[in-house]
Structure formats: C-alpha cells, structure tokens
$ cat start.tsv   # TSV, C-alpha atoms
chain	number	residue	atom	x	y	z
L	1	MET	CA	28.41	-24.74	-25.46
L	2	PRO	CA	27.40	-24.23	-21.85
L	3	ALA	CA	25.29	-26.98	-20.25
L	4	ARG	CA	21.84	-26.92	-21.79
L	5	ARG	CA	19.48	-25.19	-19.42
L	6	ARG	CA	16.49	-27.26	-18.29
L	7	PRO	CA	13.25	-25.77	-19.61
L	8	SER	CA	10.99	-24.08	-17.10
L	9	GLY	CA	7.32	-24.96	-16.65
L	10	ARG	CA	5.84	-28.43	-16.77
L	11	ALA	CA	8.95	-30.08	-18.10
L	12	GLY	CA	11.23	-28.33	-15.64
L	13	ARG	CA	12.66	-29.80	-12.51
L	14	ARG	CA	10.59	-28.93	-9.48
L	15	ALA	CA	12.48	-27.06	-6.79
L	16	ALA	CA	13.24	-29.19	-3.73
L	17	ALA	CA	10.72	-28.45	-0.96
L	18	PRO	CA	10.74	-29.37	2.71
L	19	ALA	CA	8.63	-32.40	3.67
L	20	GLY	CA	4.96	-31.47	3.95
L	21	ALA	CA	5.42	-28.19	2.08
L	22	ALA	CA	3.54	-27.38	-1.12
L	23	ALA	CA	5.60	-28.28	-4.21
L	24	LEU	CA	6.99	-25.09	-5.71
L	25	PRO	CA	7.11	-24.47	-9.45
L	26	ALA	CA	10.43	-24.57	-11.27
L	27	CYS	CA	12.32	-21.42	-12.13
L	28	ARG	CA	10.18	-19.27	-14.38
L	29	THR	CA	11.65	-17.33	-17.29
L	30	LEU	CA	10.85	-13.65	-16.91
L	31	HIS	CA	12.74	-12.43	-19.94
L	32	ALA	CA	15.12	-13.73	-22.59
L	33	ALA	CA	16.75	-11.81	-25.39
L	34	ARG	CA	19.49	-11.94	-28.00
L	35	LEU	CA	21.12	-8.62	-28.68
L	36	TRP	CA	24.10	-7.01	-30.30
L	37	ALA	CA	26.63	-5.73	-27.78
L	38	GLY	CA	26.62	-2.08	-28.76
L	39	GLN	CA	25.86	0.82	-26.40
L	40	ALA	CA	22.53	1.73	-27.96
L	41	GLU	CA	21.48	-1.91	-28.28
L	42	VAL	CA	22.35	-2.62	-24.64
L	43	ARG	CA	20.30	0.36	-23.55
L	44	ASP	CA	17.31	-0.80	-25.64
L	45	ALA	CA	17.61	-4.32	-24.23
L	46	LEU	CA	17.65	-2.98	-20.67
L	47	LEU	CA	14.58	-0.83	-21.32
L	48	ARG	CA	12.72	-3.89	-22.64
L	49	LEU	CA	13.90	-5.89	-19.65
L	50	GLY	CA	12.65	-3.19	-17.29
L	51	ILE	CA	9.22	-3.30	-18.92
L	52	ALA	CA	9.13	-7.10	-18.64
L	53	LEU	CA	10.07	-7.05	-14.96
L	54	ARG	CA	7.35	-4.46	-14.28
L	55	ASP	CA	4.85	-6.61	-16.20
L	56	TRP	CA	5.72	-9.49	-13.92
L	57	GLY	CA	5.09	-7.32	-10.88
L	58	LEU	CA	8.60	-7.58	-9.49
L	59	GLY	CA	9.25	-5.17	-6.63
L	60	ALA	CA	10.98	-1.95	-7.69
L	61	ASP	CA	14.09	-2.49	-5.57
L	62	GLN	CA	14.79	-5.98	-6.91
L	63	ALA	CA	13.90	-5.01	-10.49
L	64	GLN	CA	16.18	-1.97	-10.45
L	65	THR	CA	19.04	-4.00	-9.02
L	66	VAL	CA	18.60	-6.63	-11.74
L	67	GLU	CA	18.64	-3.92	-14.40
L	68	LEU	CA	21.71	-2.25	-12.90
L	69	LEU	CA	23.76	-5.45	-12.63
L	70	LEU	CA	22.82	-6.58	-16.13
L	71	ALA	CA	23.83	-3.14	-17.40
L	72	GLU	CA	27.23	-3.67	-15.80
L	73	ALA	CA	27.56	-7.20	-17.17
L	74	LEU	CA	26.46	-6.22	-20.69
L	75	ASN	CA	28.67	-3.13	-20.75
L	76	ASN	CA	31.55	-5.36	-19.70
L	77	VAL	CA	30.81	-7.73	-22.59
L	78	SER	CA	30.57	-4.83	-25.02
L	79	GLU	CA	33.73	-3.01	-23.90
L	80	HIS	CA	35.98	-5.91	-22.95
L	81	ALA	CA	34.77	-9.27	-24.26
L	82	TYR	CA	34.08	-7.76	-27.68
L	83	ALA	CA	36.57	-4.89	-27.21
L	84	GLY	CA	34.07	-2.42	-28.60
L	85	HIS	CA	33.76	-4.26	-31.93
L	86	GLY	CA	30.34	-5.66	-31.12
L	87	GLY	CA	29.07	-9.21	-31.06
L	88	ARG	CA	26.06	-11.25	-30.06
L	89	VAL	CA	24.93	-11.64	-26.47
L	90	PHE	CA	22.27	-13.88	-24.98
L	91	LEU	CA	20.48	-12.68	-21.90
L	92	HIS	CA	18.18	-14.73	-19.68
L	93	VAL	CA	16.36	-13.67	-16.53
L	94	ALA	CA	14.38	-16.13	-14.40
L	95	LEU	CA	12.57	-16.12	-11.10
L	96	CYS	CA	13.35	-18.86	-8.56
L	97	PRO	CA	10.08	-19.28	-6.61
L	98	ALA	CA	11.75	-21.17	-3.77
L	99	THR	CA	13.82	-18.15	-2.81
L	100	ARG	CA	12.20	-15.28	-4.76
L	101	ALA	CA	15.66	-14.59	-6.14
L	102	VAL	CA	16.08	-13.51	-9.76
L	103	GLN	CA	18.66	-15.51	-11.68
L	104	CYS	CA	20.52	-13.70	-14.46
L	105	THR	CA	22.56	-15.37	-17.20
L	106	VAL	CA	24.68	-13.63	-19.81
L	107	CYS	CA	26.40	-15.56	-22.64
L	108	ASP	CA	28.73	-14.18	-25.28
L	109	ARG	CA	31.38	-15.32	-27.75
L	110	GLY	CA	33.92	-12.61	-26.97
L	111	GLY	CA	37.34	-12.82	-25.40
L	112	ALA	CA	37.81	-14.64	-22.11
L	113	MET	CA	37.88	-12.90	-18.76
L	114	PRO	CA	41.48	-12.15	-17.75
L	115	GLY	CA	42.91	-15.02	-15.77
L	116	GLY	CA	39.86	-17.11	-16.59
L	117	ALA	CA	37.90	-15.68	-13.69
L	118	ALA	CA	35.42	-12.89	-13.09
L	119	PRO	CA	37.10	-9.83	-11.54
L	120	ALA	CA	37.15	-9.66	-7.76
L	121	GLY	CA	35.56	-6.22	-7.92
L	122	ALA	CA	37.55	-4.65	-5.09
L	123	GLU	CA	36.16	-1.34	-3.94
L	124	PRO	CA	38.00	1.49	-5.67
L	125	ALA	CA	39.89	3.64	-3.17
L	126	LEU	CA	38.35	7.02	-2.50
L	127	ASP	CA	40.84	8.29	0.07
L	128	VAL	CA	42.85	10.03	-2.61
L	129	ALA	CA	43.22	13.59	-3.82
L	130	CYS	CA	40.17	14.93	-5.64
L	131	ASP	CA	41.89	14.97	-9.00
L	132	SER	CA	42.85	11.31	-8.53
L	133	LEU	CA	39.37	9.98	-7.80
L	134	PRO	CA	38.61	6.88	-9.85
L	135	GLU	CA	36.20	7.15	-12.77
L	136	GLY	CA	36.06	3.42	-13.37
L	137	GLY	CA	36.28	0.08	-11.66
L	138	PHE	CA	32.88	0.35	-10.02
L	139	GLY	CA	31.03	-2.09	-12.27
L	140	TRP	CA	32.39	-5.34	-10.88
L	141	PHE	CA	32.30	-3.90	-7.36
L	142	LEU	CA	28.54	-3.31	-7.75
L	143	ILE	CA	28.02	-6.81	-9.16
L	144	ARG	CA	30.01	-8.45	-6.36
L	145	THR	CA	28.23	-6.36	-3.75
L	146	LEU	CA	24.64	-6.78	-4.92
L	147	ALA	CA	24.65	-10.28	-6.45
L	148	VAL	CA	25.03	-13.73	-4.91
L	149	GLY	CA	26.13	-17.03	-6.39
L	150	LEU	CA	28.21	-15.44	-9.14
L	151	ARG	CA	29.74	-18.02	-11.47
L	152	TYR	CA	31.76	-17.70	-14.67
L	153	ARG	CA	32.65	-20.46	-17.10
L	154	ARG	CA	34.16	-20.51	-20.55
L	155	ARG	CA	33.68	-23.48	-22.90
L	156	SER	CA	34.22	-23.76	-26.61
L	157	GLY	CA	34.65	-20.04	-27.03
L	158	VAL	CA	31.51	-19.11	-25.10
L	159	ASN	CA	31.56	-17.05	-21.91
L	160	TRP	CA	28.81	-17.93	-19.45
L	161	LEU	CA	28.12	-15.66	-16.49
L	162	ARG	CA	25.40	-16.25	-13.94
L	163	PHE	CA	24.38	-14.50	-10.73
L	164	ARG	CA	21.31	-14.04	-8.58
L	165	VAL	CA	19.66	-10.98	-7.12
L	166	GLU	CA	17.89	-11.78	-3.90
L	167	ASN	CA	14.60	-10.36	-2.77
L	168	SER	CA	14.99	-8.12	0.26
L	169	ALA	CA	11.84	-9.70	1.68
L	170	GLY	CA	13.62	-13.05	1.66
L	171	PRO	CA	12.27	-16.44	0.55
L	172	PRO	CA	8.57	-17.27	0.93
L	173	PRO	CA	7.56	-19.30	4.02
L	174	PRO	CA	8.14	-23.07	3.66
L	175	ASP	CA	4.46	-23.91	4.11
L	176	GLY	CA	3.74	-22.47	0.67
L	177	SER	CA	1.59	-19.69	2.05
L	178	GLY	CA	3.69	-17.07	0.25
L	179	MET	CA	2.88	-18.38	-3.22
L	180	GLU	CA	0.26	-15.73	-3.88
L	181	THR	CA	2.91	-13.04	-3.46
L	182	LEU	CA	5.06	-14.38	-6.31
L	183	PRO	CA	5.17	-12.18	-9.39
L	184	ARG	CA	2.55	-12.97	-11.99
L	185	ARG	CA	2.39	-11.76	-15.57
L	186	ARG	CA	-0.08	-8.87	-15.60
L	187	ARG	CA	-0.95	-8.87	-19.27
L	188	ASN	CA	-0.44	-11.00	-22.36
L	189	PRO	CA	3.04	-10.75	-23.78
L	190	ALA	CA	3.26	-8.58	-26.88
B	1	MET	CA	21.10	13.87	-23.34
B	2	ASP	CA	18.85	16.70	-22.30
B	3	LEU	CA	20.40	19.26	-19.96
B	4	THR	CA	19.06	22.67	-18.97
B	5	ALA	CA	21.10	25.25	-17.10
B	6	GLU	CA	20.43	28.40	-15.13
B	7	SER	CA	22.54	30.64	-12.95
B	8	ALA	CA	21.59	31.87	-9.50
B	9	GLY	CA	24.33	34.10	-8.19
B	10	GLU	CA	27.36	31.98	-7.52
B	11	VAL	CA	25.58	28.71	-8.28
B	12	ARG	CA	25.15	27.16	-11.69
B	13	VAL	CA	22.12	24.85	-11.56
B	14	ILE	CA	22.00	22.17	-14.22
B	15	ARG	CA	19.02	19.86	-14.50
B	16	VAL	CA	19.33	16.52	-16.27
B	17	ALA	CA	16.06	16.09	-18.14
B	18	SER	CA	16.96	12.59	-19.31
B	19	ALA	CA	15.97	9.46	-17.40
B	20	ARG	CA	19.30	7.64	-17.80
B	21	ILE	CA	22.97	8.47	-17.41
B	22	ASP	CA	24.62	5.33	-18.75
B	23	ALA	CA	27.33	4.06	-21.10
B	24	ALA	CA	25.34	5.20	-24.14
B	25	VAL	CA	25.44	8.89	-23.09
B	26	ALA	CA	28.39	9.14	-20.69
B	27	ILE	CA	30.71	10.85	-23.17
B	28	GLU	CA	28.02	13.24	-24.41
B	29	PHE	CA	27.09	14.05	-20.81
B	30	LYS	CA	30.68	14.95	-19.94
B	31	GLU	CA	31.08	17.11	-23.03
B	32	ARG	CA	27.80	18.97	-22.49
B	33	MET	CA	28.61	19.52	-18.82
B	34	ARG	CA	31.99	20.97	-19.72
B	35	ALA	CA	30.30	23.48	-21.98
B	36	LEU	CA	27.55	24.36	-19.50
B	37	THR	CA	29.95	24.82	-16.58
B	38	ASP	CA	32.42	26.93	-18.52
B	39	GLY	CA	32.00	30.09	-16.47
B	40	PRO	CA	32.75	31.79	-13.19
B	41	TRP	CA	30.36	29.96	-10.81
B	42	PRO	CA	32.23	28.47	-7.84
B	43	THR	CA	29.45	25.92	-7.28
B	44	VAL	CA	27.67	23.70	-9.78
B	45	LEU	CA	24.49	22.00	-8.59
B	46	LEU	CA	23.47	18.98	-10.65
B	47	ASP	CA	19.74	18.25	-10.34
B	48	LEU	CA	19.25	14.52	-10.87
B	49	GLY	CA	15.55	14.56	-9.94
B	50	GLU	CA	14.51	13.03	-13.28
B	51	VAL	CA	17.28	10.45	-13.49
B	52	GLU	CA	15.88	7.00	-12.83
B	53	PHE	CA	18.94	5.00	-13.85
B	54	LEU	CA	22.67	5.57	-13.39
B	55	ASP	CA	25.23	2.80	-13.75
B	56	SER	CA	28.99	2.75	-13.18
B	57	SER	CA	29.50	4.58	-16.49
B	58	GLY	CA	27.19	7.33	-15.32
B	59	LEU	CA	28.90	7.45	-11.96
B	60	GLY	CA	32.28	7.76	-13.63
B	61	ALA	CA	30.97	10.56	-15.82
B	62	VAL	CA	29.76	12.53	-12.78
B	63	VAL	CA	33.16	12.05	-11.14
B	64	ALA	CA	34.84	13.22	-14.34
B	65	VAL	CA	32.70	16.36	-14.33
B	66	MET	CA	33.78	17.10	-10.77
B	67	LYS	CA	37.43	16.57	-11.59
B	68	HIS	CA	37.13	18.84	-14.61
B	69	LEU	CA	35.80	21.66	-12.41
B	70	GLY	CA	39.05	21.57	-10.48
B	71	PRO	CA	39.84	21.88	-6.78
B	72	ALA	CA	38.59	25.45	-6.44
B	73	ARG	CA	35.03	24.67	-7.53
B	74	LYS	CA	32.39	22.36	-6.12
B	75	LEU	CA	29.98	19.93	-7.73
B	76	GLU	CA	26.92	19.19	-5.62
B	77	LEU	CA	24.04	16.85	-6.38
B	78	ALA	CA	20.33	17.04	-5.70
B	79	GLY	CA	17.19	14.93	-6.00
B	80	LEU	CA	18.77	11.49	-6.14
B	81	ARG	CA	16.19	8.82	-6.88
B	82	PRO	CA	16.42	5.43	-5.06
B	83	LEU	CA	18.59	3.55	-7.55
B	84	VAL	CA	20.92	6.51	-8.10
B	85	ALA	CA	21.21	7.08	-4.36
B	86	LYS	CA	21.95	3.39	-3.91
B	87	VAL	CA	24.82	3.50	-6.43
B	88	PHE	CA	26.36	6.54	-4.73
B	89	ARG	CA	25.91	4.99	-1.28
B	90	LEU	CA	27.36	1.56	-2.11
B	91	THR	CA	30.41	3.07	-3.79
B	92	ARG	CA	30.73	5.55	-0.90
B	93	MET	CA	30.65	8.38	-3.41
B	94	ASP	CA	28.01	9.94	-1.16
B	95	SER	CA	30.93	10.92	1.06
B	96	VAL	CA	32.69	12.65	-1.82
B	97	PHE	CA	29.79	14.80	-3.03
B	98	THR	CA	27.45	17.06	-1.08
B	99	ILE	CA	24.02	15.61	-1.79
B	100	HIS	CA	20.81	17.59	-1.28
B	101	PRO	CA	17.46	15.81	-1.04
B	102	GLN	CA	16.02	18.42	-3.39
B	103	VAL	CA	17.28	21.50	-5.21
B	104	PRO	CA	17.16	24.22	-2.53
B	105	GLU	CA	14.04	26.38	-2.88
B	106	ALA	CA	15.98	29.51	-3.74
B	107	LEU	CA	17.68	27.75	-6.63
B	108	ARG	CA	14.70	25.98	-8.20
B	109	LEU	CA	14.64	26.45	-11.97
B	110	ARG	CA	11.83	28.75	-13.00
B	111	PRO	CA	9.38	27.14	-15.44
B	112	ALA	CA	9.81	28.34	-19.02
B	113	VAL	CA	7.38	31.14	-19.91
$ encode --input "start.tsv" --output "structure tokens"
Amino acid sequence: MPARRRPSGRAGRRAAAPAGAAALPACRTLHAARLWAGQAEVRDALLRLGIALRDWGLGADQAQTVELLLAEALNNVSEHAYAGHGGRVFLHVALCPATRAVQCTVCDRGGAMPGGAAPAGAEPALDVACDSLPEGGFGWFLIRTLAVGLRYRRRSGVNWLRFRVENSAGPPPPDGSGMETLPRRRRNPA
Amino acid sequence: MDLTAESAGEVRVIRVASARIDAAVAIEFKERMRALTDGPWPTVLLDLGEVEFLDSSGLGAVVAVMKHLGPARKLELAGLRPLVAKVFRLTRMDSVFTIHPQVPEALRLRPAV
C-alpha cells in the first residue's frame, strides 16, 4: 500500500510558513473518487470532478488543466495498466494553500509502468509526411509539459502517481494577505 | 457524438455539437467523420465552437480524420475554445492545421427551419 496520506483539516500537518507569516491551512481535499477504469466511467468521473472544481471556485485555466491531465492519467490506467479489461482506480485532488497548486493522485492495481518509471513523454515529431503524422503519444507529453513534481511508485501491486498543477497566478503572498483569494466551497456538497 | 454537416461549394462544414471529444467517443467520431466527408469537397472545415474538452485521444482522432482525407484534401478547424486551443498549441498541431477563430461568415451553418 502506498504511504498513508495524512488527513487534511484540523488533524493535518500545517504547511511550513515563513517566520511572521500567518499559518496556512493544510492541503484541502477538493475531490476524491473511486471509479472503474472504463471509458464511460472515466468520462463520468471527470465530469463530476469538473463540477467539484467549479464548486470550489477554482480558476478556469487551472481547473481545465487538472481535468485534462487526469483524463490522460486515467485513460493511461484504463488502456495500459488494466489493458482495457477494467479495474478499480482511486482519484484524489487537493489544493495546497501555500502554493495554490492542485495536487492530483491516481492509484490503481493494474500492471506496472514499463521500466518501473513514468514515460518521459517526449514530444512526438511532427516534421514528417502528412500521412505519417502521429495519432498517439501526446498524453504523457501533455502531462510532463503541464504538471510539476510528477512522481510514480509501485508497492505491493499498487501503482501510485502524483503530480501538481500550478496556478498561473503563482503562490499567495507570504504575509497571508492572499488567503481570501483561495477557493472556497460555494454550496453544501450533495 | 453529435455532428451536423452542410456543404458550401467546395467546402464541407461539419459542426461538432458535442462538448467533448475524448477516449469515450474517439472511435465513433472518426467513423462518423469518414461517412460525412465521403464526397467531392476538397476542403473540410471542422467547427469545434461547442467543444469544451479535447484530450490526446480527441487530438489523435482529429489527426486520423485529416490523414483519412488524404494529401489532396484539407482539414481546417474553427472556433477552438481555450482548452482545445491549448492542446493544439502545446503539441504544435496548430502548425499542422489551418485554424480559424470562427467559421467564416460565408460558411456559417444556417439555423434549421
């Protein structure tokens, strides 16, 4: 099993803050889900995720990037880790108030990544004849391009993938004055 | 996968009325496009004005449509929304396709009567 994640909220570890700065809250779960790794189920999960991110007031650019990269990661699990046969996936999305980055975690019990590492995601070559243009290979390129801090581990038959999507506005100022701009849940969860 | 098609002279205009081109519909999209582009039009204009989400599967499907048209015909795109434009830009596929901000006025699909 991957290392147990520390709970968010009161019991969570407070993010380190510069001396004199307001203490920032721990990473806040925005969305968590268990789903079956099928095409229709992945699409449904992403639609629910999109609604959750909008509820939290996340900016459109960051929210869309999170949805796109999780689509790539989940499609990868569905097509490769589970080789199209399906299987369970756990998805977790959290906001890191110290940086305003969104942390994404995907866990599955499918086959390991080739070579025990996430693909390098090299940019597919486009300087080829029209009829030779690539139709695949863009997924990991998009993840590597748009995410930071990507890590992959496999333990006891479980794949664990984590990455962060930064906020284009950058982290809030260290004096805590940016706290009011952090996403807040707009309505009670269903 | 909701596609509507009209012809305007040498241009076949196809509007995607679905919000997503993703892994769940990529194969259906390719098959429907093959059927809708089976004709003499040298240029196919794909109106993506309603598409909010396109991932690498969707991108691959659009590339496949272009390859299926063959070297003598052109696939052009119009109305790319921010996320879709971002995917085409990051993968540099915006240098492979002619991309219009909107469907040119002369080619706009007439509303159904």
$ atom_distance --input "start.tsv" --atom1 "atom CA of L:Gly149" --atom2 "atom CA of B:Ile21"
28.0 Å
$ closest_residue --input "start.tsv" --among "B:Val103, B:Ala24, B:Val84, B:Ile14" --to "B:Leu54" --atoms "all atoms listed in the file"
B:Val84
$ interface_residues --input "start.tsv" --of "chain B" --to "chain L" --cutoff "7 Å" --atoms "all atoms listed in the file" --output "PyMOL selection string"
chain B and resi 23-24+55-56+60-61+63-64+67+83
$ atom_distance --input "start.tsv" --atom1 "atom CA of B:Gly39" --atom2 "atom CA of B:Arg92"
29.1 Å
$ atom_distance --input "start.tsv" --atom1 "atom CA of L:Pro174" --atom2 "atom CA of L:Leu30"
22.8 Å
$ residues_around --input "start.tsv" --residues "B:Phe97" --least-positions-apart "3" --cutoff "12 Å" --atoms "all atoms listed in the file" --output "PyMOL selection string"
(chain L and resi 126+130+133) or (chain B and resi 43-46+59+62-63+65-67+74-78+80+85+88-89+91-94+100)
$ closest_residue --input "start.tsv" --among "L:Gly50, L:Tyr82, L:Arg153, L:Cys27" --to "B:Glu52" --atoms "only C-alpha atoms"
L:Gly50
$ closest_residue --input "start.tsv" --among "L:Gly157, L:Pro171, L:Gly110, L:Gly59" --to "L:Val89" --atoms "all atoms listed in the file"
L:Gly110
$ residues_around --input "start.tsv" --residues "stretch 105-108 of chain B" --least-positions-apart "2" --cutoff "10 Å" --atoms "all atoms listed in the file" --output "list in words"
Glu6, Ser7, Ala8, Gly9, Val11, Arg12, Val13, Arg15, Leu45, Asp47, Gln102, Val103, Arg110 and Pro111 of chain B
$ closest_residue --input "start.tsv" --among "L:Gly86, L:Gly121, L:Gly111, L:Gly170" --to "L:Ala98" --atoms "all atoms listed in the file"
L:Gly170
$ closest_residue --input "start.tsv" --among "L:Val165, L:Leu74, L:Val93, L:Ala81" --to "L:Ala33" --atoms "all atoms listed in the file"
L:Val93
$ closest_residue --input "start.tsv" --among "L:Glu166, L:Leu91, L:Val66, L:Pro119" --to "L:Thr105" --atoms "all atoms listed in the file"
L:Leu91
$ residues_around --input "start.tsv" --residues "L:Asn167" --least-positions-apart "2" --cutoff "6 Å" --atoms "all atoms listed in the file" --output "PDB file with C-alpha atoms, in the coordinates of the input"
ATOM      1  CA  ARG L 100      12.200 -15.280  -4.760  1.00  0.00           C
ATOM      2  CA  ALA L 101      15.660 -14.590  -6.140  1.00  0.00           C
ATOM      3  CA  ALA L 169      11.840  -9.700   1.680  1.00  0.00           C
ATOM      4  CA  GLY L 170      13.620 -13.050   1.660  1.00  0.00           C
TER       5      GLY L 170
END
$ residues_near_point --input "start.tsv" --point "(15.4, -13.3, -19.0)" --cutoff "10 Å" --atoms "only C-alpha atoms" --output "list of chain:residue names"
L:Arg28, L:Thr29, L:Leu30, L:His31, L:Ala32, L:Ala33, L:Arg34, L:Leu49, L:Ala52, L:Leu53, L:Phe90, L:Leu91, L:His92, L:Val93, L:Ala94, L:Leu95, L:Val102, L:Gln103, L:Cys104, L:Thr105, L:Val106
